[in-house]
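*Asks:* My structure file coords.cif, mmCIF, C-alpha atoms, is below:
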data_protein
loop_
_atom_site.group_PDB
_atom_site.id
_atom_site.type_symbol
_atom_site.label_atom_id
_atom_site.label_comp_id
_atom_site.auth_asym_id
_atom_site.auth_seq_id
_atom_site.Cartn_x
_atom_site.Cartn_y
_atom_site.Cartn_z
ATOM 1 C CA MET J 1 -20.614 127.132 51.166
ATOM 2 C CA PRO J 2 -23.627 128.462 49.242
ATOM 3 C CA GLU J 3 -25.335 126.067 46.825
ATOM 4 C CA ILE J 4 -25.996 128.830 44.322
ATOM 5 C CA GLY J 5 -23.422 129.171 41.556
ATOM 6 C CA ASN J 6 -23.103 131.958 39.024
ATOM 7 C CA CYS J 7 -21.382 132.833 35.783
ATOM 8 C CA ILE J 8 -21.005 136.546 36.414
ATOM 9 C CA ARG J 9 -17.345 136.594 35.460
ATOM 10 C CA ARG J 10 -17.971 134.976 32.082
ATOM 11 C CA LEU J 11 -20.896 137.276 31.363
ATOM 12 C CA ARG J 12 -18.786 140.301 32.239
ATOM 13 C CA PHE J 13 -16.161 139.343 29.720
ATOM 14 C CA ASP J 14 -18.838 138.633 27.126
ATOM 15 C CA HIS J 15 -20.156 142.180 27.606
ATOM 16 C CA ASP J 16 -17.192 144.088 26.214
ATOM 17 C CA GLU J 17 -14.972 142.953 29.078
ATOM 18 C CA MET J 18 -16.930 144.952 31.625
ATOM 19 C CA THR J 19 -14.868 145.659 34.726
ATOM 20 C CA GLN J 20 -15.936 144.649 38.215
ATOM 21 C CA GLU J 21 -16.123 148.322 39.126
ATOM 22 C CA ALA J 22 -18.417 149.110 36.185
ATOM 23 C CA LEU J 23 -20.739 146.226 37.023
ATOM 24 C CA ALA J 24 -20.812 147.221 40.684
ATOM 25 C CA GLU J 25 -21.775 150.767 39.763
ATOM 26 C CA LYS J 26 -24.451 149.512 37.383
ATOM 27 C CA VAL J 27 -26.200 147.329 39.955
ATOM 28 C CA GLY J 28 -25.606 149.599 42.956
ATOM 29 C CA CYS J 29 -23.229 147.542 45.052
ATOM 30 C CA THR J 30 -19.534 147.678 45.904
ATOM 31 C CA ARG J 31 -16.723 146.132 43.923
ATOM 32 C CA GLN J 32 -15.918 143.926 46.910
ATOM 33 C CA THR J 33 -19.398 142.420 46.656
ATOM 34 C CA ILE J 34 -18.853 141.592 42.984
ATOM 35 C CA ILE J 35 -15.516 140.002 43.882
ATOM 36 C CA ALA J 36 -17.163 137.925 46.613
ATOM 37 C CA LEU J 37 -19.955 136.876 44.227
ATOM 38 C CA GLU J 38 -17.508 135.719 41.569
ATOM 39 C CA ALA J 39 -15.492 133.854 44.205
ATOM 40 C CA GLY J 40 -18.653 132.048 45.291
ATOM 41 C CA LYS J 41 -18.293 133.415 48.810
ATOM 42 C CA TYR J 42 -21.543 135.365 48.883
ATOM 43 C CA THR J 43 -25.145 134.652 47.917
ATOM 44 C CA PRO J 44 -26.935 137.832 46.810
ATOM 45 C CA SER J 45 -30.405 138.883 47.813
ATOM 46 C CA LEU J 46 -33.188 138.374 45.279
ATOM 47 C CA ALA J 47 -33.196 142.070 44.435
ATOM 48 C CA LEU J 48 -29.479 142.126 43.706
ATOM 49 C CA ALA J 49 -29.734 138.904 41.699
ATOM 50 C CA PHE J 50 -32.423 140.456 39.491
ATOM 51 C CA LYS J 51 -30.364 143.636 39.057
ATOM 52 C CA LEU J 52 -27.371 141.573 37.965
ATOM 53 C CA ALA J 53 -29.466 139.608 35.484
ATOM 54 C CA ARG J 54 -30.902 142.837 34.040
ATOM 55 C CA ALA J 55 -27.433 144.355 33.783
ATOM 56 C CA PHE J 56 -26.511 141.526 31.404
ATOM 57 C CA GLY J 57 -29.884 141.501 29.680
ATOM 58 C CA ARG J 58 -30.439 137.885 30.714
ATOM 59 C CA LYS J 59 -32.883 135.900 32.776
ATOM 60 C CA ILE J 60 -31.959 135.224 36.357
ATOM 61 C CA GLU J 61 -31.627 131.490 35.642
ATOM 62 C CA ASP J 62 -28.964 132.260 33.047
ATOM 63 C CA VAL J 63 -26.858 134.077 35.628
ATOM 64 C CA PHE J 64 -27.422 131.969 38.764
ATOM 65 C CA GLN J 65 -27.646 128.207 39.070
ATOM 66 C CA TYR J 66 -29.049 126.310 42.023
ATOM 67 C CA GLU J 67 -27.051 123.164 42.721
ATOM 68 C CA ILE J 68 -28.766 120.604 44.921
ATOM 69 C CA PRO J 69 -26.189 118.597 46.937
ATOM 70 C CA ALA J 70 -26.187 114.895 46.068
ATOM 71 C CA SER J 71 -27.210 113.756 49.573
ATOM 72 C CA ARG J 72 -30.204 116.093 49.665
ATOM 73 C CA GLU J 73 -31.230 115.046 46.141
ATOM 74 C CA GLU J 74 -31.440 111.403 47.282
ATOM 75 C CA GLY J 75 -33.673 112.459 50.161
ATOM 76 C CA ILE J 76 -36.000 114.263 47.785
ATOM 77 C CA GLN J 77 -36.266 111.321 45.393
ATOM 78 C CA THR J 78 -37.107 108.757 48.143
ATOM 79 C CA MET S 1 -9.654 147.010 51.727
ATOM 80 C CA ASN S 2 -12.645 149.163 52.698
ATOM 81 C CA ALA S 3 -13.039 151.549 55.608
ATOM 82 C CA GLU S 4 -14.581 148.916 57.896
ATOM 83 C CA GLN S 5 -11.637 146.593 57.428
ATOM 84 C CA LYS S 6 -9.198 149.432 58.050
ATOM 85 C CA ARG S 7 -11.037 150.341 61.255
ATOM 86 C CA ALA S 8 -10.887 146.695 62.349
ATOM 87 C CA TRP S 9 -7.134 146.492 61.788
ATOM 88 C CA PHE S 10 -6.724 149.814 63.610
ATOM 89 C CA VAL S 11 -8.590 148.518 66.667
ATOM 90 C CA LEU S 12 -6.473 145.368 66.697
ATOM 91 C CA GLY S 13 -3.367 147.523 66.428
ATOM 92 C CA VAL S 14 -4.472 149.680 69.344
ATOM 93 C CA PHE S 15 -5.100 146.561 71.412
ATOM 94 C CA GLY S 16 -1.583 145.384 70.585
ATOM 95 C CA VAL S 17 -0.197 148.727 71.742
ATOM 96 C CA CYS S 18 -2.179 148.410 74.990
ATOM 97 C CA CYS S 19 -0.761 144.941 75.637
ATOM 98 C CA ILE S 20 2.787 146.127 74.989
ATOM 99 C CA ALA S 21 2.260 149.146 77.238
ATOM 100 C CA TYR S 22 0.837 146.880 79.964
ATOM 101 C CA VAL S 23 3.871 144.603 79.848
ATOM 102 C CA VAL S 24 6.382 147.469 79.781
ATOM 103 C CA TRP S 25 4.542 149.334 82.554
ATOM 104 C CA GLY S 26 4.336 146.164 84.617
ATOM 105 C CA LEU S 27 8.004 145.351 84.241
ATOM 106 C CA ILE S 28 9.109 148.872 85.161
ATOM 107 C CA LEU S 29 6.570 149.958 87.785
ATOM 108 C CA GLY S 30 4.893 146.728 88.790
ATOM 109 C CA PHE S 31 1.781 145.017 87.439
ATOM 110 C CA GLN S 32 -0.573 146.244 90.133
ATOM 111 C CA GLY S 33 -1.156 149.602 88.474
ATOM 112 C CA ALA S 34 -0.318 148.476 84.949
ATOM 113 C CA TRP S 35 -4.017 148.015 84.087
ATOM 114 C CA GLY S 36 -4.050 151.740 83.423
ATOM 115 C CA ALA S 37 -2.211 150.988 80.178
ATOM 116 C CA PHE S 38 -5.519 149.758 78.763
ATOM 117 C CA GLY S 39 -6.716 153.336 78.980
ATOM 118 C CA LEU S 40 -4.872 153.674 75.667
ATOM 119 C CA PHE S 41 -7.851 151.845 74.211
ATOM 120 C CA ILE S 42 -9.419 155.295 73.978
ATOM 121 C CA LEU S 43 -7.335 155.651 70.809
ATOM 122 C CA THR S 44 -9.999 153.550 69.067
ATOM 123 C CA GLY S 45 -11.950 156.793 68.925
ATOM 124 C CA PHE S 46 -9.689 157.775 66.053
ATOM 125 C CA THR S 47 -11.265 155.145 63.796
ATOM 126 C CA CYS S 48 -13.399 158.011 62.509
ATOM 127 C CA ILE S 49 -10.476 159.040 60.296
ATOM 128 C CA PHE S 50 -11.282 156.066 58.068
ATOM 129 C CA ARG S 51 -14.203 157.327 56.030
ATOM 130 C CA GLN S 52 -16.152 155.132 53.661
ATOM 131 C CA ARG S 53 -16.201 156.554 50.168
ATOM 132 C CA GLU S 54 -19.108 154.408 48.988
ATOM 133 C CA LYS S 55 -22.465 153.870 50.634
ATOM 134 C CA PRO S 56 -22.626 150.445 52.309
ATOM 135 C CA ASP S 57 -24.440 147.875 50.181
ATOM 136 C CA GLU S 58 -26.419 144.800 51.309
ATOM 137 C CA ARG S 59 -23.318 142.707 51.954
ATOM 138 C CA ASP S 60 -21.696 145.480 54.011
ATOM 139 C CA SER S 61 -24.870 145.854 56.084
ATOM 140 C CA MET S 62 -25.121 142.096 56.603
ATOM 141 C CA ILE S 63 -21.496 141.859 57.745
ATOM 142 C CA GLN S 64 -21.833 144.842 60.084
ATOM 143 C CA ASN S 65 -25.011 143.396 61.616
ATOM 144 C CA ARG S 66 -23.418 140.000 62.155
ATOM 145 C CA ALA S 67 -20.230 141.506 63.600
ATOM 146 C CA SER S 68 -22.279 143.632 66.004
ATOM 147 C CA MET S 69 -24.286 140.581 67.015
ATOM 148 C CA PHE S 70 -21.182 138.479 67.712
ATOM 149 C CA ALA S 71 -19.553 141.361 69.587
ATOM 150 C CA GLY S 72 -22.624 141.970 71.729
ATOM 151 C CA LEU S 73 -23.070 138.301 72.563
ATOM 152 C CA SER S 74 -19.443 137.739 73.483
ATOM 153 C CA SER S 75 -19.127 140.867 75.615
ATOM 154 C CA VAL S 76 -22.350 140.114 77.489
ATOM 155 C CA CYS S 77 -21.183 136.538 78.125
ATOM 156 C CA VAL S 78 -17.833 137.760 79.411
ATOM 157 C CA PHE S 79 -19.464 140.361 81.626
ATOM 158 C CA VAL S 80 -22.175 138.122 83.057
ATOM 159 C CA PHE S 81 -19.984 135.065 83.584
ATOM 160 C CA GLY S 82 -17.214 137.260 84.926
ATOM 161 C CA CYS S 83 -19.472 138.903 87.474
ATOM 162 C CA MET S 84 -21.231 135.689 88.478
ATOM 163 C CA GLY S 85 -17.986 133.746 88.496
ATOM 164 C CA ILE S 86 -16.262 136.178 90.792
ATOM 165 C CA TRP S 87 -19.280 136.378 93.078
ATOM 166 C CA PHE S 88 -19.445 132.566 93.207
ATOM 167 C CA VAL S 89 -15.757 132.210 94.017
ATOM 168 C CA ASN S 90 -15.981 134.932 96.657
ATOM 169 C CA PHE S 91 -19.010 133.332 98.282
ATOM 170 C CA ALA S 92 -18.141 129.646 97.893
ATOM 171 C CA VAL S 93 -14.439 129.873 98.684
ATOM 172 C CA TYR S 94 -14.050 132.922 100.892
ATOM 173 C CA GLN S 95 -17.598 133.117 102.310
ATOM 174 C CA GLN S 96 -17.791 136.785 101.348
ATOM 175 C CA GLU S 97 -20.886 138.242 99.716
ATOM 176 C CA GLN S 98 -19.245 141.427 98.539
ATOM 177 C CA VAL S 99 -17.084 141.813 95.462
ATOM 178 C CA SER S 100 -14.287 144.364 95.289
ATOM 179 C CA ILE S 101 -15.111 147.357 93.105
ATOM 180 C CA GLN S 102 -11.674 146.968 91.564
ATOM 181 C CA LEU S 103 -12.632 143.574 90.160
ATOM 182 C CA PHE S 104 -15.959 144.909 88.904
ATOM 183 C CA ALA S 105 -14.183 147.708 87.056
ATOM 184 C CA ARG S 106 -11.814 145.211 85.456
ATOM 185 C CA ILE S 107 -14.654 142.970 84.338
ATOM 186 C CA THR S 108 -16.372 145.971 82.785
ATOM 187 C CA LEU S 109 -13.150 146.914 81.016
ATOM 188 C CA LEU S 110 -12.686 143.350 79.841
ATOM 189 C CA GLY S 111 -16.246 143.226 78.510
ATOM 190 C CA GLY S 112 -15.656 146.424 76.560
ATOM 191 C CA ILE S 113 -12.378 145.209 75.111
ATOM 192 C CA VAL S 114 -13.927 141.868 74.160
ATOM 193 C CA PHE S 115 -16.703 143.758 72.355
ATOM 194 C CA PHE S 116 -14.292 145.758 70.196
ATOM 195 C CA LEU S 117 -11.957 142.823 69.554
ATOM 196 C CA THR S 118 -14.776 140.464 68.584
ATOM 197 C CA HIS S 119 -16.304 143.117 66.344
ATOM 198 C CA SER S 120 -13.000 143.723 64.574
ATOM 199 C CA LEU S 121 -12.141 140.048 64.164
ATOM 200 C CA SER S 122 -15.651 139.312 62.888
ATOM 201 C CA ILE S 123 -15.383 142.091 60.329
ATOM 202 C CA LEU S 124 -12.069 140.768 59.021
ATOM 203 C CA ILE S 125 -13.177 137.137 58.935
ATOM 204 C CA LEU S 126 -16.550 137.844 57.315
ATOM 205 C CA TYR S 127 -15.044 140.042 54.613
ATOM 206 C CA GLY S 128 -12.360 137.452 54.001
ATOM 207 C CA ARG S 129 -9.604 137.735 51.448
ATOM 208 C CA HIS S 130 -10.416 137.391 47.771
ATOM 209 C CA ALA S 131 -7.486 139.265 46.277
ATOM 210 C CA GLU S 132 -7.014 136.576 43.636
ATOM 211 C CA HIS S 133 -10.446 137.421 42.218
ATOM 212 C CA ALA S 134 -9.887 141.161 42.145
ATOM 213 C CA GLU S 135 -9.030 142.817 38.880
ATOM 214 C CA ALA S 136 -6.834 145.847 38.401
ATOM 215 C CA ASP S 137 -8.799 149.085 38.320
ATOM 216 C CA ASP S 138 -9.017 150.930 35.034
ATOM 217 C CA ALA S 139 -6.707 153.932 34.836
#
Spell out the structure here as structure tokens.

*Replies:*
Amino acid sequence: MPEIGNCIRRLRFDHDEMTQEALAEKVGCTRQTIIALEAGKYTPSLALAFKLARAFGRKIEDVFQYEIPASREEGIQT
Amino acid sequence: MNAEQKRAWFVLGVFGVCCIAYVVWGLILGFQGAWGAFGLFILTGFTCIFRQREKPDERDSMIQNRASMFAGLSSVCVFVFGCMGIWFVNFAVYQQEQVSIQLFARITLLGGIVFFLTHSLSILILYGRHAEHAEADDA
């Protein structure tokens, strides 16, 4: 499972309840890709991530969150 | 479901038809010539009727590349191990250095079928099912 989470679904609803189809058309991908992103089943490329952030008028860190697994975090600290 | 997924299901359906035809042919006329039933696999050429309305995006390209990679690897493995395995058995067990052309043709057919089946299964698995996250289209 990817370690990168997102809040695309919430942002869509905050933007006048934008549909998945409308968002897909705005960023130049398919609706299936938006569905997979919201389900956490797909990690986008950097270009697509930036397009999604711009579509919502937000920074990329506001849309995507990098979650370090607990075991790896312990390795980094020691 | 996009065009790639439809093509994948179509190929699996054609393979199912081939298997049924093989069994029916074998039961009626004998299994020796029943391999000809797999000639029905030519029906996979009709996958062109499933046309993609949208241009493939990065995820589509990634899935197609991975499916092609898995299909190529598996079919090459089947073909190489099939050929070498049969040659080894022929030589080690029967002390014959020559392999029947009939067997070679069947290995080639098997490699081709494995390619299409692996490609289709990979497409379906990689796309997955996320229907619960899909929203109804606007009217």

*Asks:* Write out as CSV the residues of region 82-130 of chain S that have any atom within 12 Å of an atom of region 24-35 of chain S, one row each with the nearest atom pair and its distance in Å to one decimal, counting only C-alpha atoms, sorted by chain and then rising number.

*Replies:*
residue,atom,partner,partner_atom,distance
S:Gln102,CA,S:Trp35,CA,10.8
S:Leu103,CA,S:Trp35,CA,11.4
S:Ala105,CA,S:Trp35,CA,10.6
S:Arg106,CA,S:Trp35,CA,8.4
S:Ile107,CA,S:Trp35,CA,11.8
S:Leu109,CA,S:Trp35,CA,9.7
S:Leu110,CA,S:Trp35,CA,10.7

*Asks:* One decimal, in Å: what's the spacing between CA of Gly40 (chain J) and CA of Met1 (chain S)?

*Replies:* 18.6 Å

*Asks:* Pick out the residues sitting within 12 Å of region 53-61 of chain S, and hand them over as a ChimeraX atom specification; count only C-alpha atoms, and ignore anything fewer than 3 positions along from it in its own chain.

*Replies:* /J:21,24-25,27-37,41-49 /S:1-5,49-50,64-68,123-124,126-127

*Asks:* Please write as a ChimeraX atom specification the full residue list that the PyMOL selection byres ((chain J and resi 12-15) around 12) yields on this file.

*Replies:* /J:6-11,16-24,26,34,38,52-53,55-58,63

*Asks:* Around the point (-25.0, 123.2, 40.8), in the coordinates given by the file, pick out the residues reaching within 9 Å, counting all atoms listed in the file, and return them as a count of residues only.

*Replies:* 8

*Asks:* Would you mind telling me which residue in S:Phe38, S:Tyr22, S:Met69, S:Gln52 lies nearest to chain J when using all atoms listed in the file?

*Replies:*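 Distance minimum relative to chain J lands on S:Gln52.
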
*Asks:* In Å, with one decimal, what is the gap from CA of Gln96 (chain S) to CA of Phe79 (chain S)?

*Replies:*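 Result for CA of Gln96 (chain S) versus CA of Phe79 (chain S): 20.1 Å, one decimal.
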
*Asks:* Please, what distance in Å, to one decimal, runs between CA of Ser100 (chain S) and CA of Ser75 (chain S)?

*Replies:*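 According to the coordinates, CA of Ser100 (chain S) and CA of Ser75 (chain S) are separated by 20.6 Å.
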
*Asks:* Can you list, as a PDB file with C-alpha atoms, in the coordinates of the input, every protein, DNA or RNA residue that comes within 12 Å of Cys48 (chain S) when you count only C-alpha atoms, leaving out same-chain residues fewer than 4 positions away?

*Replies:*
ATOM      1  CA  ALA S   3     -13.039 151.549  55.608  1.00  0.00           C
ATOM      2  CA  GLU S   4     -14.581 148.916  57.896  1.00  0.00           C
ATOM      3  CA  LYS S   6      -9.198 149.432  58.050  1.00  0.00           C
ATOM      4  CA  ARG S   7     -11.037 150.341  61.255  1.00  0.00           C
ATOM      5  CA  ALA S   8     -10.887 146.695  62.349  1.00  0.00           C
ATOM      6  CA  PHE S  10      -6.724 149.814  63.610  1.00  0.00           C
ATOM      7  CA  VAL S  11      -8.590 148.518  66.667  1.00  0.00           C
ATOM      8  CA  LEU S  43      -7.335 155.651  70.809  1.00  0.00           C
ATOM      9  CA  THR S  44      -9.999 153.550  69.067  1.00  0.00           C
ATOM     10  CA  GLN S  52     -16.152 155.132  53.661  1.00  0.00           C
TER      11      GLN S  52
END

*Asks:* Would you mind telling me which residue in S:Met62, S:Thr108, S:Gly39, S:Leu73 lies nearest to chain J when using all atoms listed in the file?

*Replies:*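 Among S:Met62, S:Thr108, S:Gly39, S:Leu73, it is S:Met62 that comes nearest to chain J.
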